[in-house]
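Presented below is the structure to which this report refers.
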Amino acid sequence: MSRILVTGSTDGLGRAAADALLSRGHQVVVHARSRQRAEVLDGLVARGAELVVADFTDRDAVRRMATALKEAAPLDGVIHNAGVWSGPAVMPVNVIAPYLLTALTPTPGRLVYLSSGSHFSGRPALDRVDWLGRSPGSYADSKLFVTALAAAVARLRPGTSSNAVDPGWVPTKMGGPSAPDDLELGHQTQEWLAASDDPQARATGGYWYHRQRQQPHAAVHDKAFQDRLLRVLAEETGAEIEVGP
């Protein structure tokens with residue numbers, strides 16, 4: 001069985017993924033942005049889940065979480081699920097937090113980053129991006145960036161399975177009650193990529209939708225864009241993603 005961190009696991013797809021992985025016997029680390037929000041995870045913790053708390057709009061909190069993870073038992077996988085749809089937190093939560101956790105924690109065997117079909121509307125432009133979240137950010141841009149991050153990690157760390165997943169437009173708090181896609185299918189692909197023994201789940205560098213590999217935005221596999229993105233994020237955070245085995 002694997003030890004897997006699921007960020008943003010208090011509700012929606014993250015909660016569903018954590019619940020399903022626990023039910024299959026995996027060791028699961030759940031995440032909440034505050035102690036108050038963590039109360040909704042009491043049921044999962046009672047079943048054996050470990051809990052970490054960090055507000056992803058606060059870089060120092062993300063760094064403290066990374067330190068705590070380094071000092072704990074090694075992770076076999078991380079599902080970077082936490083995300084916001086709109087407002088000033090878009091870039092800090094959707095891009096900076098998963099970047100910092102990737103850069104500052106030992107690399108697990110499998111990394112899964114939550115993307116979106118909205119990434120096709122993103123712009124591969126990095127000038128004047130407000131990484132600090134002082135003004136509302138573009139959700140589409142953030143999802144393009146994190147999808148490119150997943151592909152860049154796959155290239156730089158060939159011993160790690162790193163993939164991006166479009167869960168679909170599903171009826172969660174973010175997606176809204178009228179969302180047309182299947183909530184169950186929405187969380188199954190990331191669980192499969194994070195923990196399955198299926199040889200196909202060992203793939204890397206992919207963009208997936210309901211266990212089917214899709215072709216992402218052209219910028220995602222543009223090495224020059226990946227390198228620019230990594231350079232900007234390293235300069236912004238002071239942390240670099242190092243080349244791995």
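Residue numbers start at 1 in each chain; chains themselves are named A, B, ... in the order of the structure tokens; ligands are numbered from 1 in the order shown.
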Please provide the set of residues having any atom within 7 Å of Arg157 of chain A, restricted to only C-alpha atoms, with same-chain residues fewer than 2 positions apart removed, written as a ChimeraX atom specification.
-> /A:153-155,159-160,243-245
Prev. selection, N, CA and C atoms, output as a tab-separated table (two decimals), in the first residue's frame:
chain	number	residue	atom	x	y	z
A	153	VAL	N	8.30	18.65	-14.73
A	153	VAL	CA	8.80	17.73	-13.70
A	153	VAL	C	9.02	16.35	-14.31
A	154	ALA	N	8.13	15.92	-15.19
A	154	ALA	CA	8.32	14.63	-15.86
A	154	ALA	C	9.61	14.61	-16.66
A	155	ARG	N	9.94	15.73	-17.28
A	155	ARG	CA	11.17	15.82	-18.08
A	155	ARG	C	12.41	15.87	-17.21
A	159	GLY	N	12.69	9.54	-13.26
A	159	GLY	CA	12.35	8.44	-12.37
A	159	GLY	C	11.04	8.63	-11.65
A	160	THR	N	10.40	9.76	-11.87
A	160	THR	CA	9.12	10.08	-11.23
A	160	THR	C	8.01	10.09	-12.26
A	243	VAL	N	17.10	18.77	-10.97
A	243	VAL	CA	17.04	17.59	-11.84
A	243	VAL	C	17.24	16.35	-10.98
A	244	GLY	N	16.43	15.34	-11.22
A	244	GLY	CA	16.50	14.13	-10.42
A	244	GLY	C	16.78	12.90	-11.28
A	245	PRO	N	16.93	11.76	-10.63
A	245	PRO	CA	17.22	10.53	-11.36
A	245	PRO	C	16.00	10.05	-12.14
Return as a ChimeraX atom specification the full set of residues in segment 94-171 of chain A whose backbone-based DSSP assignment is alpha helix (DSSP H).
-> /A:97-104,139-156
Out of A:Gly117, A:Pro108, A:Gly168, A:Gly186, which residue has the shortest atom-to-atom distance to Ala16 of chain A when counting only C-alpha atoms?
->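 Counting only C-alpha atoms, the residue closest to Ala16 of chain A is A:Gly186.
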Test item, strand (DSSP E or B) assignment across segment 15-97 of chain A, answer as a PyMOL selection string = chain A and resi 27-32+50-53+77-80
Selected residues, all heavy atoms, written as a compact mmCIF listing (two decimals), in the first residue's frame, please.
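Contents of the output file result_35.txt:
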# COMPACT_ATOMS: atom_id res chain seq x y z
N GLN A 27 -2.28 4.51 3.01
CA GLN A 27 -2.04 5.52 4.03
C GLN A 27 -2.22 6.88 3.38
O GLN A 27 -1.56 7.19 2.39
CB GLN A 27 -0.63 5.38 4.60
CG GLN A 27 -0.36 4.07 5.29
CD GLN A 27 1.07 3.96 5.77
OE1 GLN A 27 1.84 4.90 5.68
NE2 GLN A 27 1.43 2.80 6.28
N VAL A 28 -3.10 7.68 3.92
CA VAL A 28 -3.46 8.95 3.29
C VAL A 28 -3.14 10.11 4.22
O VAL A 28 -3.44 10.05 5.42
CB VAL A 28 -4.95 8.97 2.89
CG1 VAL A 28 -5.32 10.32 2.29
CG2 VAL A 28 -5.25 7.84 1.90
N VAL A 29 -2.52 11.14 3.67
CA VAL A 29 -2.29 12.39 4.39
C VAL A 29 -3.28 13.40 3.81
O VAL A 29 -3.23 13.70 2.61
CB VAL A 29 -0.85 12.89 4.23
CG1 VAL A 29 -0.65 14.18 5.03
CG2 VAL A 29 0.14 11.82 4.66
N VAL A 30 -4.17 13.90 4.65
CA VAL A 30 -5.17 14.87 4.20
C VAL A 30 -4.71 16.27 4.58
O VAL A 30 -3.93 16.46 5.52
CB VAL A 30 -6.56 14.57 4.78
CG1 VAL A 30 -7.12 13.28 4.18
CG2 VAL A 30 -6.53 14.47 6.30
N HIS A 31 -5.23 17.25 3.88
CA HIS A 31 -4.79 18.64 4.06
C HIS A 31 -5.99 19.57 4.16
O HIS A 31 -6.96 19.45 3.40
CB HIS A 31 -3.91 19.06 2.87
CG HIS A 31 -3.81 20.55 2.71
ND1 HIS A 31 -4.47 21.22 1.69
CD2 HIS A 31 -3.18 21.50 3.44
CE1 HIS A 31 -4.22 22.51 1.80
NE2 HIS A 31 -3.45 22.70 2.85
N ALA A 32 -5.89 20.50 5.09
CA ALA A 32 -6.88 21.57 5.24
C ALA A 32 -6.15 22.90 5.33
O ALA A 32 -5.00 22.96 5.76
CB ALA A 32 -7.72 21.35 6.49
N GLU A 50 -3.68 10.84 8.23
CA GLU A 50 -2.87 11.86 8.90
C GLU A 50 -3.33 13.23 8.40
O GLU A 50 -3.84 13.34 7.29
CB GLU A 50 -1.40 11.66 8.59
CG GLU A 50 -0.84 10.31 9.02
CD GLU A 50 0.56 10.11 8.50
OE1 GLU A 50 1.40 11.02 8.68
OE2 GLU A 50 0.82 9.05 7.89
N LEU A 51 -3.11 14.25 9.21
CA LEU A 51 -3.58 15.59 8.88
C LEU A 51 -2.43 16.58 8.84
O LEU A 51 -1.58 16.60 9.74
CB LEU A 51 -4.61 16.05 9.91
CG LEU A 51 -5.08 17.50 9.83
CD1 LEU A 51 -5.87 17.74 8.54
CD2 LEU A 51 -5.91 17.88 11.06
N VAL A 52 -2.40 17.41 7.79
CA VAL A 52 -1.51 18.57 7.74
C VAL A 52 -2.38 19.80 7.48
O VAL A 52 -3.40 19.72 6.78
CB VAL A 52 -0.42 18.44 6.66
CG1 VAL A 52 0.59 17.36 7.03
CG2 VAL A 52 -1.03 18.15 5.29
N VAL A 53 -1.97 20.91 8.05
CA VAL A 53 -2.73 22.15 7.92
C VAL A 53 -1.82 23.24 7.38
O VAL A 53 -0.72 23.46 7.91
CB VAL A 53 -3.32 22.59 9.28
CG1 VAL A 53 -4.04 23.94 9.15
CG2 VAL A 53 -4.27 21.53 9.82
N GLY A 77 3.24 9.18 -3.16
CA GLY A 77 2.53 9.95 -4.17
C GLY A 77 1.93 11.21 -3.59
O GLY A 77 1.68 11.30 -2.38
N VAL A 78 1.73 12.20 -4.45
CA VAL A 78 1.06 13.44 -4.07
C VAL A 78 0.04 13.77 -5.14
O VAL A 78 0.36 13.79 -6.33
CB VAL A 78 2.05 14.62 -3.93
CG1 VAL A 78 1.28 15.91 -3.59
CG2 VAL A 78 3.10 14.33 -2.86
N ILE A 79 -1.18 14.04 -4.71
CA ILE A 79 -2.21 14.57 -5.60
C ILE A 79 -2.36 16.05 -5.26
O ILE A 79 -2.89 16.41 -4.20
CB ILE A 79 -3.55 13.83 -5.43
CG1 ILE A 79 -3.40 12.35 -5.78
CG2 ILE A 79 -4.62 14.47 -6.32
CD1 ILE A 79 -4.66 11.52 -5.54
N HIS A 80 -1.87 16.91 -6.15
CA HIS A 80 -1.97 18.35 -5.95
C HIS A 80 -3.36 18.79 -6.39
O HIS A 80 -3.57 19.28 -7.51
CB HIS A 80 -0.88 19.07 -6.75
CG HIS A 80 0.50 18.84 -6.23
ND1 HIS A 80 0.97 19.47 -5.08
CD2 HIS A 80 1.51 18.07 -6.68
CE1 HIS A 80 2.22 19.10 -4.87
NE2 HIS A 80 2.57 18.24 -5.81
Determine, counting only C-alpha atoms, which protein, DNA and RNA residues have an atom within 8 Å of an atom of Thr189 of chain A; residues of the same chain fewer than 6 positions away are not included. Present the result as a PyMOL selection string.
-> chain A and resi 165+167+208-211
Take the residues from that selection and put them in a file with C-alpha atoms, as a PDB file, in the first residue's frame.
ATOM      1  CA  VAL A 165      -5.446  15.479 -14.859  1.00  0.00           C
ATOM      2  CA  PRO A 167     -11.258  15.983 -13.788  1.00  0.00           C
ATOM      3  CA  TRP A 208      -5.409  12.864 -18.739  1.00  0.00           C
ATOM      4  CA  TYR A 209      -9.183  12.971 -18.818  1.00  0.00           C
ATOM      5  CA  HIS A 210     -11.113   9.976 -17.430  1.00  0.00           C
ATOM      6  CA  ARG A 211      -8.100   7.641 -17.833  1.00  0.00           C
TER       7      ARG A 211
END
Residues near Thr57 of chain A, cut-off 7 Å, only C-alpha atoms, skip fewer than 5 positions along chain, as an mmCIF file with N, CA and C atoms, in the first residue's frame:
data_model
loop_
_atom_site.group_PDB
_atom_site.id
_atom_site.type_symbol
_atom_site.label_atom_id
_atom_site.label_comp_id
_atom_site.auth_asym_id
_atom_site.auth_seq_id
_atom_site.Cartn_x
_atom_site.Cartn_y
_atom_site.Cartn_z
ATOM 1 N N ALA A 89 -6.438 34.649 -4.765
ATOM 2 C CA ALA A 89 -5.716 33.432 -4.357
ATOM 3 C C ALA A 89 -5.388 32.505 -5.519
ATOM 4 N N PRO A 92 -1.404 32.073 -6.090
ATOM 5 C CA PRO A 92 -0.766 31.463 -4.916
ATOM 6 C C PRO A 92 -1.191 30.020 -4.667
ATOM 7 N N VAL A 93 -2.482 29.723 -4.787
ATOM 8 C CA VAL A 93 -2.973 28.380 -4.467
ATOM 9 C C VAL A 93 -2.766 27.407 -5.626
#
Nearby residues (only C-alpha atoms) at most 9 Å from Gly122 of chain A, same-chain spacing under 6 positions excluded, as a PyMOL selection string = chain A and resi 138-145+217
Would you mind telling me which residue in A:Leu185, A:Leu111, A:Ala66, A:Leu233 lies nearest to Ser161 of chain A when using only C-alpha atoms?
->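 Ranking A:Leu185, A:Leu111, A:Ala66, A:Leu233 by distance to Ser161 of chain A, first place goes to A:Leu111.
Take the candidates A:Ala152, A:Ala73, A:Ala38, A:Ala49 and check each one against Arg231 of chain A using only C-alpha atoms; the shortest distance goes to A:Ala152.
If only C-alpha atoms are the atoms counted, then among A:Leu41, A:Asp58, A:Ser121, A:Ser135 the closest residue to Ser86 of chain A is A:Ser135.
The gap separating atom CA of Ala97 of chain A from atom CA of Thr147 of chain A is 13.8 Å, in Å to one decimal.
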Using only C-alpha atoms, pick whichever of A:Met91, A:Phe225, A:Arg47, A:Lys70 has the shortest atom-to-atom distance to Asp19 of chain A.
->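 Closest to Asp19 of chain A of all the choices is A:Arg47.
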